[in-house]
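Colleague: Dropping the structure in here first, questions after.
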Amino acid sequence: MKSESMSELWRFRELLYFLAWRDVKVRYKQASLGVAWAIIQPLFTMLIFTLFFGRLAGVPSDGIPYPLFSVCALVPWTYFAGTLSQAGNSLISNSNLITKVYFPRALLPAASALGGMPDFLVGTGLLVVMMFYYRVRPGWQVLLAPLFVLGMMVLVFGMSMLLAAMNVRYRDVKYAIPFLIQIWLFVTPIIYPTTFLPKRFQKILALNPMAGLIEGFRACLFPNHHLDWTLIGTSAAVTLVVLVVGALYFRKTERTFADII
Amino acid sequence: MRNAINVEQLSKKFELGALSQDTMLRERLVKFFQGPFKKRVDENQIIWALKDVSFRIDEREVVGIIGRNGAGKSTLLKVLSKITYPTSGRVSVRGRVASLLEVGTGFHEELTGRENIYLNGSILGMKKKEVDAKMDAILEFAGVERFVETPIKRYSSGMRLRLGFAVAAHLDPDILIIDEVLAVGDAGFQKKCLNAMEDLRSGGRTVLFVSHNMAAVENLCTRAIWIDDGRLREDGPVQRVIESYMATFASSQQATTDLTQVESRRGSGEIRYTGFEFLSRDGQPLSVTRSGDATTWRFHYHAKEAIRYPFFGLRLFTEMGTLITETGTWHHGIAIPEIPPGEGHVDLEIDSLNLMPARYLLTIGISGEGFHVYDNLDHCARLDIEDANIYSSGRSLNTYYGIVFFPQRWRLTGIPSITHQG
């Protein structure tokens with residue numbers, strides 16, 4: 001059963017590509033600044049965070065200049081937050097497709113998770129420029145960075161299967177998603193390093209899968225930072241749990257989507 | 001021959017309550033605290049859109065699905081297309097399926113014609129390579145070559161429709177499921193679509209076709225399945241099924257038709273038609289109507305309450321379901337400020353009924369402001385037009401010569417050798 005649905009997803013891979021491609025195209029066509037938004041968002045958030053948290057509040061940053069410290073987390077976070085809110089609404093915003101044609105419904109949240117990638121890559125450009133500016137030369141660990149990005153995609157996919165499927169039945173979810181993302185930002189080590197928290201809170205923080213993914217992504221950009229494998233391992237495990245729970249809930253409810261959407 | 005489609009005892013249930021109220025989390029929570037273990041299913045809220053439907057369709061068969069609005073035809077197509085799932089029963093479909101429940105599914109306003117062809121094609125199950133290969137043919141079929149790079153938000157609705165159908169016509173499925181896509185578009189394009197469907201048929205595909213246009217069904221299909229109130233009413237050769245389907249609409253023409261007992265009507269019912277009369281212009285009942293007759297059609301109604309600004313109207317169809325004309329007080333710009341409660345009637349005076357001898361069907365309705373429907377009766381009366389000597393030639397005319405005729409004369413004074421004729 002499981003393998004049947006996997007092979008079906010594979011058969012529809014071109015549609016996955018076209019749905020993601022549509023999201024990207026439409027996003028750039030409608031915005032007059034187009035692709036610049038992928039830079040503007042993390043850039044300005046970084047400036048504000050640096051001013052308020054770095055300068056005024058004096059939040060430590062693991063020995064990295066605060067602007068660089070925060071932007072390393074903000075670029076992947078912007079991807080995560082943007083795609084999660086889009087993917088969480090992906091079913092209800094494509095209700096015309098769901099009621100008129102058959103395809104594996106999971107393609108819709110998956111396409112949103114994928115469609116955020118071009119923006120992320122453009123945002124990475126900002127990151128590279130900042131690294132040059134602060135003369136940081138990454139070590140071999142930087143090769144691990146794509147793994148953390150992959151982890152975030154899996155997390156977005158798992159979360160959004162859950163949220164999007166609930167959204168079909170309970171439209172409240174639509175309003176809960178921005179709120180959820182806002183809270184999530186503060187419980188993720190973006191503004192502060194994990195070490196800023198007392199030891200016992202660090203353990204709880206690890207249950208937030210974004211904690212390990214963001215810390216891991218940041219750590220592998222700097223050669224003398226060690227990767228906290230306990231934190232990363234916990235986050236990876238939670239990510240997989242989210243994926244499985246999301247997929248199960250999605251499978252259980254997807255047969256009724258066309259009837260109630 | 002193998003079965004392309006096999007449907008066994010298919011049923012599909014809709015729970016109306018579950019669709020509307022439970023969709024807010026709050027209500028769900030409130031109900032949970034009121035009694036967490038109560039299972040609430042109100043029997044009145046259950047609708048069986050399909051009930052125990054079974055049939056098999058062989059490969060290469062072209063089958064029409066007919067029935068009234070709301071009979072369950074669309075639900076059947078959706079189940080066969082895997083869009084929605086059966087409540088019970090089994091459905092197996094063998095081969096690559098393309099279902100066209102709508103033309104241009106997934107079109108995006110901001111994307112160009114070319115981009116939308118890729119998107120729509122891929123949604124309908126085409127591979128990118130296939131679209132690449134067929135791009136020119138699709139554009140030519142749609143006749144939008146000049147606007148390939150224009151966003152479709154600048155397209156007219158006709159262009160959009162043509163583009164959508166052009167993609168669909170270039171699909172290459174084993175089984176094609178089509179819902180009423182021919183109902184729109186101008187005559188020239190409709191012909192193109194019918195030709196494309198002919199090609200699909202001769203290409204050896206299995207086709208399922210839902211339509212209200214009996215002429216199209218009869219023309220394209222060899223077999224018809226009649227769905228009535230969620231059940232399979234009749235399944236057999238297309239002509240036979242269409243005949244028995246049409247026979248249910250109205251018995252032969254009567255001068256007076258009582259409409260009070262008609263159950264298959266839609267509308268909120270504050271005002272309803274109670275009867276209908278074919279009259280001569282001096283008010284005598286007509287049991288025979290002939291081509292070219294002057295006639296008055298009288299519609300009796302009963303209003304339960306005062307009705308403000310209602311519109312009375314009718315649509316006239318051929319027996320095959322083609323709309324000939326629609327007319328009503330709205331079309332004439334007649335405003336009726338208020339109808340008092342009680343009985344009354346409105347008359348439609350026709351100076352010359354320019355229809356060829358045949359059988360016609362009438363759909364009548366009363367609507368209100370904002371398209372509100374008070375009462376609507378589909379095909380509730382039958383009009384049999386008898387032959388009349390309309391051209392004073394003694395020649396018998398029939399639908400072989402068309403559906404309508406115009407009051408007319410031929411003049412031959414322009415032919416030099418003939419002098420002073422007519």
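In the structure tokens, chains take letters A, B, ... by order of appearance, with residues numbered from 1 within each chain and ligands from 1 in the order shown.
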Quick one: residues within 12 Å of segment 11-22 of chain A, only C-alpha atoms counted, chain neighbours fewer than 2 positions away excluded, as a count of residues only?
Modeller: 60
Colleague: Please provide as a list in words all residues within 9 Å of Thr257 of chain B, with the sequence filter that same-chain residues fewer than 5 positions apart are discarded (counting only C-alpha atoms).
Modeller: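 Returned residues: Thr274, Gly275, Phe276, Glu277, Phe278, Cys380 and Ala381 of chain B.
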Colleague: Extract, using only C-alpha atoms, all DNA, RNA and protein residues at most 7 Å from Tyr85 of chain B, discarding same-chain residues fewer than 3 positions from it, and format them as a list in words.
Modeller: Arg255 of chain A; Val79 and Lys82 of chain B
Colleague: Give the answer as one residue: which of A:Val238, A:Glu215, A:Ile64, A:Ile261 has the shortest atom-to-atom distance to chain B, using only C-alpha atoms?
Modeller: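 Residue with the minimum atom-to-atom distance to chain B: A:Ile261.
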Colleague: Find the residues of chain A in contact range of chain B, meaning any atom within 6 Å when counting only C-alpha atoms, and list them as a ChimeraX atom specification.
Modeller: /A:15,100,102,169-170,258,260
Colleague: For the residues in that selection, give me N, CA and C atoms as a PDB file, in the first residue's frame.
Modeller:
```
ATOM      1  N   LEU A  15       4.101  16.588 -12.684  1.00  0.00           N
ATOM      2  CA  LEU A  15       3.073  17.505 -12.198  1.00  0.00           C
ATOM      3  C   LEU A  15       3.577  18.235 -10.963  1.00  0.00           C
ATOM      4  N   LYS A 100     -11.918  18.886  -9.392  1.00  0.00           N
ATOM      5  CA  LYS A 100     -12.107  18.652 -10.826  1.00  0.00           C
ATOM      6  C   LYS A 100     -11.187  17.612 -11.437  1.00  0.00           C
ATOM      7  N   TYR A 102      -8.086  14.296 -10.742  1.00  0.00           N
ATOM      8  CA  TYR A 102      -7.402  13.438  -9.797  1.00  0.00           C
ATOM      9  C   TYR A 102      -5.882  13.570  -9.919  1.00  0.00           C
ATOM     10  N   ARG A 169     -10.925  20.846   6.724  1.00  0.00           N
ATOM     11  CA  ARG A 169     -12.094  20.647   7.560  1.00  0.00           C
ATOM     12  C   ARG A 169     -12.330  21.826   8.508  1.00  0.00           C
ATOM     13  N   TYR A 170     -11.263  22.327   9.074  1.00  0.00           N
ATOM     14  CA  TYR A 170     -11.397  23.422  10.049  1.00  0.00           C
ATOM     15  C   TYR A 170     -10.680  24.650   9.499  1.00  0.00           C
ATOM     16  N   ALA A 258     -12.353  16.215  -1.585  1.00  0.00           N
ATOM     17  CA  ALA A 258     -13.195  16.737  -2.670  1.00  0.00           C
ATOM     18  C   ALA A 258     -14.634  16.953  -2.209  1.00  0.00           C
ATOM     19  N   ILE A 260     -15.674  17.868   0.929  1.00  0.00           N
ATOM     20  CA  ILE A 260     -15.948  18.899   1.937  1.00  0.00           C
ATOM     21  C   ILE A 260     -15.231  20.209   1.686  1.00  0.00           C
TER      22      ILE A 260
END
```
Colleague: Can you pull out every residue within 9 Å of segment 237-241 of chain B, counting only C-alpha atoms, but drop anything in the same chain fewer than 5 positions away, and send it as a list of chain:residue names?
Modeller: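 My reading of the contact set: B:Val63, B:Gly64, B:Ile66, B:Val217, B:Glu218, B:Cys221, B:Thr222, B:Arg223, B:Ala224, B:Ile225, B:Trp226, B:Met246.
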Colleague: DSSP on the backbone, alpha helix (DSSP H) only: what residues of segment 210-377 of chain B does that give? Format it as number ranges by chain.
Modeller: B: 214-220, 238-247
Colleague: Could you please take those selected residues and save C-alpha atoms as a short mmCIF file (atom, residue, chain, number, x, y, z; two decimals), in the first residue's frame?
Modeller:
```cif
data_model
loop_
_atom_site.label_atom_id
_atom_site.label_comp_id
_atom_site.auth_asym_id
_atom_site.auth_seq_id
_atom_site.Cartn_x
_atom_site.Cartn_y
_atom_site.Cartn_z
CA MET B 214 -29.60 14.47 -26.46
CA ALA B 215 -28.67 15.14 -30.07
CA ALA B 216 -24.97 15.08 -29.19
CA VAL B 217 -25.37 11.96 -27.08
CA GLU B 218 -27.28 10.19 -29.83
CA ASN B 219 -24.76 11.27 -32.39
CA LEU B 220 -21.64 10.22 -30.49
CA VAL B 238 -28.65 4.87 -27.07
CA GLN B 239 -31.87 5.44 -29.01
CA ARG B 240 -33.99 3.27 -26.77
CA VAL B 241 -32.72 4.81 -23.54
CA ILE B 242 -33.14 8.37 -24.80
CA GLU B 243 -36.69 7.58 -25.85
CA SER B 244 -37.69 6.23 -22.48
CA TYR B 245 -35.92 9.11 -20.76
CA MET B 246 -37.71 11.72 -22.84
CA ALA B 247 -41.03 9.95 -22.34
#
```
Colleague: Compare A:Ala165, A:Val187, A:Ala57, A:Leu144 by their minimum atom-to-atom distance to Gly216 of chain A, counting only C-alpha atoms, and give me the closest one.
Modeller: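 Of A:Ala165, A:Val187, A:Ala57, A:Leu144, the one nearest Gly216 of chain A, counting only C-alpha atoms, is A:Leu144.
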Colleague: Can you pull out every residue within 9 Å of Arg281 of chain B, counting only C-alpha atoms, but drop anything in the same chain fewer than 3 positions away, and send it as a compact mmCIF listing (two decimals) with N, CA, C and O atoms, in the first residue's frame?
Modeller:
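Output file part.txt follows:
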```txt
# COMPACT_ATOMS: atom_id res chain seq x y z
N GLN B 284 -60.03 30.18 -26.38
CA GLN B 284 -60.53 28.80 -26.37
C GLN B 284 -59.36 27.82 -26.21
O GLN B 284 -58.29 28.05 -26.78
N ALA B 294 -51.39 31.60 -34.27
CA ALA B 294 -51.37 32.63 -33.24
C ALA B 294 -51.91 31.96 -31.98
O ALA B 294 -52.91 31.24 -32.03
N THR B 295 -51.25 32.17 -30.87
CA THR B 295 -51.66 31.43 -29.68
C THR B 295 -51.35 32.21 -28.41
O THR B 295 -50.53 33.13 -28.42
N THR B 296 -52.06 31.86 -27.35
CA THR B 296 -51.79 32.44 -26.04
C THR B 296 -51.45 31.31 -25.08
O THR B 296 -52.18 30.31 -25.03
N GLU B 349 -48.58 36.07 -25.25
CA GLU B 349 -49.27 36.07 -26.54
C GLU B 349 -48.25 35.93 -27.66
O GLU B 349 -47.31 36.72 -27.76
N ILE B 350 -48.46 34.92 -28.49
CA ILE B 350 -47.53 34.67 -29.59
C ILE B 350 -48.27 34.92 -30.89
O ILE B 350 -49.32 34.32 -31.14
N ASP B 351 -47.73 35.81 -31.71
CA ASP B 351 -48.43 36.17 -32.94
C ASP B 351 -48.35 35.07 -33.97
O ASP B 351 -49.29 34.80 -34.69
```
Colleague: Give me, as a list in words, all polymer residues having an atom no more than 9 Å from Pro189 of chain A, counting only C-alpha atoms and skipping those fewer than 4 positions away in the same chain.
Modeller: Ala73, Leu185, Pro193, Thr194, Phe196, Leu205, Met210, Ala211, Gly212, Ile214 and Glu215 of chain A
Colleague: Atom CA of His372 of chain B and atom CA of Arg308 of chain B are how many Å apart?
Modeller: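 Computing the Euclidean distance for atom CA of His372 of chain B and atom CA of Arg308 of chain B yields 11.8 Å.
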Colleague: Please provide as an NGL selection string all residues within 8 Å of Val35 of chain A, with the sequence filter that same-chain residues fewer than 3 positions apart are discarded (counting only C-alpha atoms).
Modeller: :A and (28 or 38-39 or 119 or 122)
Colleague: Please indicate the distance in Å from atom CA of Phe222 of chain A to atom CA of Gly139 of chain A, rounded to one decimal place.
Modeller: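 Atom CA of Phe222 of chain A sits 6.8 Å away from atom CA of Gly139 of chain A.
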Colleague: Using DSSP assignments from the backbone, pull out every residue in segment 257-328 of chain B that falls under strand (DSSP E or B) and give it to me as a ChimeraX atom specification.
Modeller: /B:257-258,265-266,271-280,285,289-290,295-303,307-308,311-318,323-328
